[in-house]
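Q: Structure file data02.cif (mmCIF, C-alpha atoms) right here:
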data_coords
loop_
_atom_site.label_atom_id
_atom_site.label_comp_id
_atom_site.auth_asym_id
_atom_site.auth_seq_id
_atom_site.Cartn_x
_atom_site.Cartn_y
_atom_site.Cartn_z
CA MET G 193 0.00 0.00 0.00
CA ALA G 194 1.37 3.40 -0.97
CA THR G 195 1.51 6.27 1.52
CA THR G 196 1.46 9.86 0.26
CA PHE G 197 3.32 12.61 2.08
CA THR G 198 3.73 16.35 1.47
CA ASN G 199 6.44 18.90 2.21
CA GLN G 200 6.66 22.68 1.93
CA ALA G 201 9.68 24.95 2.43
CA ALA G 202 9.91 28.55 3.62
CA LEU G 203 12.34 31.22 2.40
CA SER G 204 12.83 34.14 4.77
CA TYR G 205 14.61 37.37 3.80
CA ASN G 206 14.39 41.08 4.54
CA GLY G 207 11.87 40.42 7.27
CA GLY G 208 9.48 38.55 4.96
CA THR G 209 8.74 34.92 4.10
CA VAL G 210 8.02 33.22 0.81
CA MET G 211 6.54 29.71 0.81
CA SER G 212 7.48 27.12 -1.74
CA ASN G 213 5.07 24.95 -3.62
CA ILE G 214 3.85 21.81 -1.85
CA ALA G 215 5.89 18.83 -2.96
CA VAL G 216 4.12 15.46 -2.94
CA GLY G 217 5.93 12.19 -2.41
CA VAL G 218 4.90 8.56 -2.23
CA ILE G 219 6.25 5.81 -0.01
CA GLU G 220 5.46 2.40 -1.39
CA GLY G 221 5.81 -0.74 0.70
CA ASN G 222 7.57 -3.85 -0.47
CA LEU G 223 4.44 -5.98 -0.28
CA THR G 224 1.24 -5.84 -2.28
CA VAL G 225 -1.78 -8.11 -1.91
CA SER G 226 -4.65 -8.91 -4.22
CA LYS G 227 -7.76 -10.96 -3.53
CA GLU G 228 -10.07 -12.58 -6.07
CA ALA G 229 -13.25 -14.64 -5.78
CA ILE G 230 -13.61 -17.43 -8.35
CA ALA G 231 -17.33 -16.67 -8.62
CA GLU G 232 -19.33 -13.57 -9.43
CA SER G 233 -22.47 -14.39 -7.47
CA TYR G 234 -23.76 -16.49 -4.59
CA ARG G 235 -26.68 -18.27 -3.02
CA ILE G 236 -26.76 -19.44 0.58
CA GLY G 237 -24.98 -22.78 0.75
CA ASP G 238 -22.64 -22.07 -2.18
CA ARG G 239 -18.95 -22.85 -1.72
CA ILE G 240 -16.77 -19.96 -2.96
CA THR G 241 -13.08 -20.26 -3.82
CA TYR G 242 -10.86 -17.29 -2.95
CA VAL G 243 -7.33 -16.60 -4.19
CA VAL G 244 -4.99 -14.31 -2.22
CA SER G 245 -1.74 -13.34 -3.96
CA ILE G 246 1.07 -11.56 -2.09
CA ILE G 247 3.98 -10.07 -4.07
CA ASN G 248 7.31 -9.05 -2.53
CA ARG G 249 9.30 -6.48 -4.53
CA SER G 250 12.26 -6.39 -2.17
CA ASP G 251 15.54 -8.31 -2.41
CA ASN G 252 14.91 -9.98 0.94
CA ALA G 253 12.40 -12.63 1.92
CA ILE G 254 9.68 -11.48 4.30
CA SER G 255 8.52 -14.07 6.82
CA GLY G 256 6.34 -14.33 9.89
CA LEU G 257 3.37 -12.75 8.15
CA SER G 258 -0.27 -13.13 9.17
CA VAL G 259 -2.98 -13.18 6.54
CA ASN G 260 -6.33 -12.22 8.06
CA ASP G 261 -9.65 -12.68 6.24
CA ASP G 262 -12.71 -11.01 7.78
CA LEU G 263 -15.06 -13.55 6.11
CA GLY G 264 -17.23 -10.66 4.95
CA ALA G 265 -18.01 -9.49 8.50
CA TYR G 266 -20.51 -6.63 8.86
CA SER G 267 -22.03 -4.83 11.83
CA PHE G 268 -25.36 -6.06 13.16
CA GLU G 269 -27.02 -4.56 16.25
CA GLN G 270 -24.29 -4.47 18.92
CA THR G 271 -22.07 -7.12 17.34
CA SER G 272 -20.86 -8.31 13.94
CA VAL G 273 -21.71 -11.37 11.90
CA GLN G 274 -19.80 -13.24 9.20
CA PRO G 275 -21.66 -14.38 6.06
CA LEU G 276 -18.88 -16.80 5.13
CA THR G 277 -17.64 -19.94 6.91
CA TYR G 278 -14.13 -21.22 6.19
CA ALA G 279 -14.15 -24.73 4.68
CA ASP G 280 -11.86 -26.69 7.02
CA GLY G 281 -8.80 -28.15 5.33
CA SER G 282 -9.35 -26.37 2.02
CA VAL G 283 -6.28 -24.08 2.05
CA GLN G 284 -3.47 -24.55 -0.46
CA TYR G 285 -0.24 -22.60 0.15
CA TYR G 286 2.09 -21.89 -2.78
CA VAL G 287 5.47 -20.14 -2.70
CA ASP G 288 6.70 -19.15 -6.17
CA GLY G 289 4.28 -21.71 -7.58
CA VAL G 290 5.47 -24.61 -5.41
CA LEU G 291 2.91 -26.21 -3.10
CA GLN G 292 3.91 -26.06 0.58
CA ALA G 293 2.64 -27.72 3.73
CA ALA G 294 -0.60 -26.10 4.88
CA PRO G 295 -0.11 -23.11 7.20
CA VAL G 296 -1.49 -22.82 10.72
CA VAL G 297 -5.17 -21.82 10.50
CA SER G 298 -7.27 -20.09 13.16
CA THR G 299 -10.97 -19.24 12.96
CA ALA G 300 -11.30 -17.80 16.45
CA ASP G 301 -11.90 -14.28 15.10
CA GLY G 302 -12.44 -14.30 11.37
CA LEU G 303 -9.89 -16.40 9.51
CA GLN G 304 -6.13 -16.21 10.02
CA PHE G 305 -3.23 -17.96 8.30
CA SER G 306 -0.02 -17.66 10.35
CA ASP G 307 3.73 -17.70 9.67
CA ILE G 308 3.44 -16.97 5.96
CA THR G 309 6.63 -16.31 3.99
CA VAL G 310 7.03 -14.40 0.72
CA PRO G 311 10.39 -14.95 -1.02
CA ALA G 312 12.61 -12.13 -2.27
CA ASN G 313 11.17 -10.70 -5.48
CA GLY G 314 8.65 -13.52 -5.36
CA ASN G 315 5.04 -14.45 -4.87
CA THR G 316 3.03 -16.35 -2.31
CA MET G 317 -0.49 -17.56 -3.00
CA LEU G 318 -3.22 -18.85 -0.69
CA ILE G 319 -6.21 -20.60 -2.24
CA TYR G 320 -9.10 -21.60 0.00
CA ASP G 321 -12.86 -22.10 0.11
CA ALA G 322 -15.60 -20.55 2.20
CA THR G 323 -19.28 -21.48 2.36
CA VAL G 324 -22.02 -18.84 2.19
CA ASN G 325 -24.00 -19.19 5.42
CA GLU G 326 -27.27 -17.97 6.93
CA PHE G 327 -25.84 -14.52 7.74
CA ALA G 328 -25.50 -13.67 4.02
CA SER G 329 -28.35 -11.55 2.74
CA PRO G 330 -30.39 -13.35 0.04
CA GLU G 331 -32.22 -10.15 -0.92
CA ASP G 332 -31.97 -8.83 -4.45
CA GLY G 333 -28.98 -6.48 -4.80
CA ALA G 334 -27.12 -7.79 -1.73
CA GLU G 335 -23.33 -8.26 -1.73
CA ILE G 336 -20.62 -9.94 0.31
CA ILE G 337 -17.52 -7.75 0.59
CA ASN G 338 -14.66 -9.90 1.80
CA THR G 339 -11.43 -8.18 2.93
CA VAL G 340 -7.99 -9.68 3.49
CA THR G 341 -5.24 -7.93 5.50
CA VAL G 342 -1.57 -8.91 5.57
CA THR G 343 0.40 -7.85 8.64
CA GLY G 344 3.91 -8.41 9.95
CA ALA G 345 6.52 -6.97 12.28
CA SER G 346 8.52 -5.16 9.59
CA ILE G 347 5.85 -4.04 7.15
CA SER G 348 2.89 -1.73 6.89
CA ALA G 349 -0.39 -3.62 6.69
CA VAL G 350 -1.71 -4.17 3.16
CA THR G 351 -5.33 -5.00 2.27
CA ASP G 352 -7.56 -5.90 -0.63
CA SER G 353 -11.20 -6.91 -1.03
CA ALA G 354 -13.29 -9.15 -3.26
CA THR G 355 -17.00 -8.57 -3.80
CA ILE G 356 -19.62 -11.07 -4.93
CA SER G 357 -23.30 -10.29 -5.53
CA VAL G 358 -26.32 -12.39 -4.68
CA LYS G 359 -27.79 -14.37 -7.57
CA SER G 360 -30.96 -12.65 -8.75
CA ALA G 361 -33.20 -15.41 -10.08
CA PRO G 362 -36.17 -17.55 -9.15
CA GLU G 363 -35.28 -20.75 -7.26
CA LEU G 364 -38.13 -23.20 -7.70
CA THR G 365 -39.25 -26.52 -6.28
CA ILE G 366 -42.42 -28.42 -7.12
CA ILE G 367 -44.26 -30.78 -4.78
CA LYS G 368 -47.00 -33.08 -6.05
CA THR G 369 -49.63 -34.74 -3.85
CA ILE G 370 -52.54 -37.07 -4.54
CA ALA G 371 -55.91 -37.30 -2.77
CA PRO G 372 -57.66 -39.40 -1.75
CA ILE G 373 -55.46 -42.38 -0.91
CA PRO G 374 -56.64 -44.94 -1.71
CA VAL G 375 -58.96 -43.92 -4.55
CA ALA G 376 -61.87 -46.08 -5.70
CA GLU G 377 -61.70 -47.79 -9.08
CA ASN G 378 -63.04 -45.32 -11.68
CA GLY G 379 -63.25 -42.79 -8.85
CA GLU G 380 -62.40 -39.12 -8.69
CA ILE G 381 -58.83 -38.11 -7.91
CA THR G 382 -57.15 -34.76 -7.27
CA TYR G 383 -53.53 -33.89 -8.03
CA THR G 384 -52.13 -30.80 -6.29
CA PHE G 385 -48.92 -29.16 -7.54
CA ARG G 386 -47.36 -26.73 -5.08
CA LEU G 387 -44.66 -24.49 -6.56
CA GLU G 388 -42.33 -22.78 -4.08
CA ASN G 389 -39.96 -19.97 -5.05
CA SER G 390 -37.08 -19.46 -2.60
CA GLY G 391 -35.36 -16.99 -4.92
CA ASN G 392 -35.26 -13.23 -4.66
CA THR G 393 -37.02 -12.55 -7.95
CA ALA G 394 -40.44 -13.68 -9.14
CA LEU G 395 -41.12 -16.27 -11.81
CA THR G 396 -42.97 -14.22 -14.43
CA ALA G 397 -44.66 -14.77 -17.76
CA ALA G 398 -41.38 -13.86 -19.46
CA ASP G 399 -39.80 -17.02 -18.00
CA ASN G 400 -42.22 -19.17 -20.06
CA ALA G 401 -42.67 -21.76 -17.31
CA VAL G 402 -44.69 -24.87 -18.16
CA ILE G 403 -46.04 -27.55 -15.83
CA SER G 404 -46.42 -30.89 -17.57
CA ASP G 405 -47.49 -34.32 -16.40
CA THR G 406 -48.61 -37.57 -18.02
CA PHE G 407 -51.38 -39.07 -15.93
CA ASP G 408 -51.30 -42.82 -15.49
CA PRO G 409 -53.98 -43.96 -15.03
CA ILE G 410 -55.50 -41.55 -17.55
CA LEU G 411 -58.04 -39.05 -16.26
CA GLY G 412 -61.26 -37.95 -17.86
CA ASN G 413 -63.45 -34.90 -17.32
CA ILE G 414 -60.66 -32.90 -15.71
CA SER G 415 -61.06 -29.52 -14.07
CA VAL G 416 -58.07 -27.26 -13.47
CA MET G 417 -57.52 -24.49 -10.92
CA LEU G 418 -54.49 -22.20 -10.71
CA ASN G 419 -54.28 -20.26 -7.44
CA ASP G 420 -58.01 -20.93 -6.89
CA GLU G 421 -58.92 -19.54 -10.32
CA PRO G 422 -60.33 -21.92 -12.97
CA LEU G 423 -58.33 -22.52 -16.15
CA ILE G 424 -59.95 -23.14 -19.49
CA VAL G 425 -58.69 -25.66 -22.01
CA LYS G 426 -56.61 -24.13 -24.86
CA SER G 427 -56.28 -20.70 -23.22
CA GLY G 428 -54.96 -22.17 -19.97
CA TYR G 429 -53.85 -25.73 -20.67
CA ALA G 430 -53.80 -28.61 -23.11
CA TYR G 431 -54.81 -32.18 -22.28
CA ASP G 432 -54.78 -35.37 -24.34
CA GLU G 433 -57.27 -37.93 -22.98
CA VAL G 434 -55.65 -40.64 -25.12
CA THR G 435 -52.09 -40.29 -23.81
CA GLY G 436 -52.85 -38.58 -20.51
CA LEU G 437 -50.41 -35.73 -21.29
CA PHE G 438 -51.25 -32.44 -19.54
CA THR G 439 -49.41 -29.13 -20.07
CA THR G 440 -50.07 -25.58 -18.98
CA VAL G 441 -49.79 -22.76 -21.51
CA ALA G 442 -46.23 -21.37 -21.51
CA GLY G 443 -45.86 -18.32 -19.29
CA LEU G 444 -49.20 -18.76 -17.56
CA VAL G 445 -47.75 -19.98 -14.26
CA GLU G 446 -46.16 -17.23 -12.18
CA VAL G 447 -44.69 -17.50 -8.68
CA PRO G 448 -43.88 -14.50 -6.48
CA ALA G 449 -40.42 -13.97 -5.05
CA ALA G 450 -39.62 -15.17 -1.56
CA THR G 451 -39.57 -12.82 1.40
CA PHE G 452 -36.61 -12.73 3.78
CA THR G 453 -36.43 -11.91 7.47
CA GLN G 454 -33.28 -11.22 9.47
CA ASP G 455 -33.56 -12.37 13.07
CA SER G 456 -33.29 -9.34 15.34
CA VAL G 457 -31.18 -11.26 17.87
CA THR G 458 -28.91 -13.60 15.93
CA GLY G 459 -28.74 -11.83 12.56
CA ALA G 460 -29.51 -15.04 10.66
CA TYR G 461 -31.81 -14.84 7.64
CA SER G 462 -34.90 -17.00 7.20
CA THR G 463 -36.82 -17.51 3.97
CA THR G 464 -40.56 -17.62 3.32
CA PRO G 465 -41.02 -18.90 -0.21
CA GLY G 466 -43.45 -17.45 -2.70
CA ILE G 467 -46.15 -19.99 -3.58
CA ALA G 468 -48.38 -20.91 -6.51
CA THR G 469 -50.77 -23.88 -6.55
CA LEU G 470 -52.18 -25.88 -9.46
CA VAL G 471 -55.01 -28.33 -8.73
CA ILE G 472 -56.24 -30.88 -11.26
CA THR G 473 -59.25 -33.06 -10.55
CA GLY G 474 -60.52 -35.83 -12.81
CA THR G 475 -62.06 -39.29 -13.01
CA ILE G 476 -59.91 -42.35 -13.54
CA THR G 477 -60.80 -43.80 -16.95
CA GLY G 478 -58.00 -46.34 -17.50
CA GLU G 479 -55.29 -48.27 -15.64
#
Hey, can you dump this file as structure tokens for me?
A:
Amino acid sequence: MATTFTNQAALSYNGGTVMSNIAVGVIEGNLTVSKEAIAESYRIGDRITYVVSIINRSDNAISGLSVNDDLGAYSFEQTSVQPLTYADGSVQYYVDGVLQAAPVVSTADGLQFSDITVPANGNTMLIYDATVNEFASPEDGAEIINTVTVTGASISAVTDSATISVKSAPELTIIKTIAPIPVAENGEITYTFRLENSGNTALTAADNAVISDTFDPILGNISVMLNDEPLIVKSGYAYDEVTGLFTTVAGLVEVPAATFTQDSVTGAYSTTPGIATLVITGTITGE
């Protein structure tokens, strides 16, 4: 990290003083650090690989360094929380491209790698993984800003940060249930499809979602409801009573985005998914 300093001289004569211009200088340390995330975006549960590169421009090796990663820590209420969790045993330690024994690792307060050495006019690299945890915001537009700091007895601290953004997309699951169980031969049966969106953006008509199913046994005289509203054949769905194939019209099914709540005590996020429900009722006509 470079430090800027200024200096100004004074010339006194005949009882007066003339000031010089302000000269600006720069002191640059021997070490620089850069940090990169091998991912541009995240969801909770993702495992992110980080690369920390330390370059030594001096003619002497620098040893005994500590590399401290804040794991994206941010202030919450009267404390701080970390949206990343170090993946135990994941670190790889390279000196001038040669793999070394793993350094000492501490996670007592953030993440720390101890007794790191950077050779003269050389490079040291740490590669490690961290998992996105429940303290990472899943809300649209959220970021994790992860900062690394290198410190040592004979150097000025140097820092760099890597930023990843939350993935902005629907995240869907579909759950299908049958009622009643058992059903009478040639009786009426109801299939319920529950769509849950845990993502931070809605599933919209532009996504052209289609629900399809091939009923076996085949159903006759079906009725279809989407979010308690009846659907009409052709405008809302297609159904083949010979093959049992059912499909909704592309783009008809929409699912709202999830809502997210951050616990006021712990800081952990919880998710309430957006929901859409498709209900199909018909009479069993074949087995």
Q: Excluding G:Tyr429 and its own-chain neighbours fewer than 4 positions away, which residues fall within 12 Å of it when counting all atoms listed in the file? Please give them as a PyMOL selection string.
A: chain G and resi 402-405+414-418+422-425+437-445+470+472
Q: Within 7 Å of (-36.9, -17.3, -3.7) in the file's own coordinates, which protein, DNA or RNA residues have an atom, counting only C-alpha atoms? List them as number ranges by chain.
A: G: 362-363, 389-393, 449-450, 465-466
Q: Quick one: everything within 9 Å of G:Leu387, counting all atoms listed in the file, minus sequence neighbours fewer than 4 positions away in the same chain. Send it as a PDB file with C-alpha atoms, keeping the file's coordinate frame.
A:
ATOM      1  CA  LEU G 364     -38.130 -23.200  -7.700  1.00  0.00           C
ATOM      2  CA  THR G 365     -39.250 -26.520  -6.280  1.00  0.00           C
ATOM      3  CA  ILE G 366     -42.420 -28.420  -7.120  1.00  0.00           C
ATOM      4  CA  ILE G 367     -44.260 -30.780  -4.780  1.00  0.00           C
ATOM      5  CA  LYS G 368     -47.000 -33.080  -6.050  1.00  0.00           C
ATOM      6  CA  VAL G 447     -44.690 -17.500  -8.680  1.00  0.00           C
ATOM      7  CA  GLY G 466     -43.450 -17.450  -2.700  1.00  0.00           C
ATOM      8  CA  ILE G 467     -46.150 -19.990  -3.580  1.00  0.00           C
ATOM      9  CA  ALA G 468     -48.380 -20.910  -6.510  1.00  0.00           C
ATOM     10  CA  THR G 469     -50.770 -23.880  -6.550  1.00  0.00           C
ATOM     11  CA  LEU G 470     -52.180 -25.880  -9.460  1.00  0.00           C
TER      12      LEU G 470
END
Q: Atom CA of G:Gln304 and atom CA of G:Ser456 are how many Å apart?
A: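 About the pair atom CA of G:Gln304 and atom CA of G:Ser456: they are 28.5 Å apart.
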Q: May I ask which of the residues G:Ala231, G:Val273, G:Ala397, G:Ile246 is the closest one to G:Ala328, counting only C-alpha atoms?
A: G:Val273
Q: Which residue, G:Val297, G:Ile356, G:Val324, G:Val287, has the smallest gap to G:Ser233 when you use only C-alpha atoms?
A: G:Ile356
Q: Show which residues sit within 12 Å of G:Asn338, as a PyMOL selection string. Count all atoms listed in the file, and ignore same-chain residues fewer than 4 positions away.
A: chain G and resi 226-229+240-244+260-266+274-277+302-303+322+324+328+351-357
Q: Between atom CA of G:Ala460 and atom CA of G:Leu318, what is the distance, to one decimal in Å?
A: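 According to the coordinates, atom CA of G:Ala460 and atom CA of G:Leu318 are separated by 28.9 Å.
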Q: Give me the residues near G:Val210 as JSON, numbers by chain, where near means some atom within 12 Å (using only C-alpha atoms) and where sequence neighbours in that chain fewer than 5 positions away do not count.
A: {"G": [200, 201, 202, 203, 204, 205]}
Q: Please enumerate the residues selected by the PyMOL selection byres ((chain G and resi 407) around 12) when evaluated against the supplied file, formatted as a PyMOL selection string.
A: chain G and resi 370+381-383+404-406+408-412+414+431-439+472-479
Q: Take atom CA of G:Val310 and atom CA of G:Val283 and report the distance between them in Å, one decimal.
A: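 Calculated distance between atom CA of G:Val310 and atom CA of G:Val283 is 16.5 Å.
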Q: Of the residues G:Ser272, G:Thr198, G:Thr343, G:Ser298, which is the one nearest to G:Ser255, using all atoms listed in the file?
A: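 Nearest candidate to G:Ser255 out of G:Ser272, G:Thr198, G:Thr343, G:Ser298: G:Thr343.
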Q: Between G:Val350, G:Thr451, G:Val471, G:Tyr286, which is the closest to G:Thr384 once you count all atoms listed in the file?
A: G:Val471
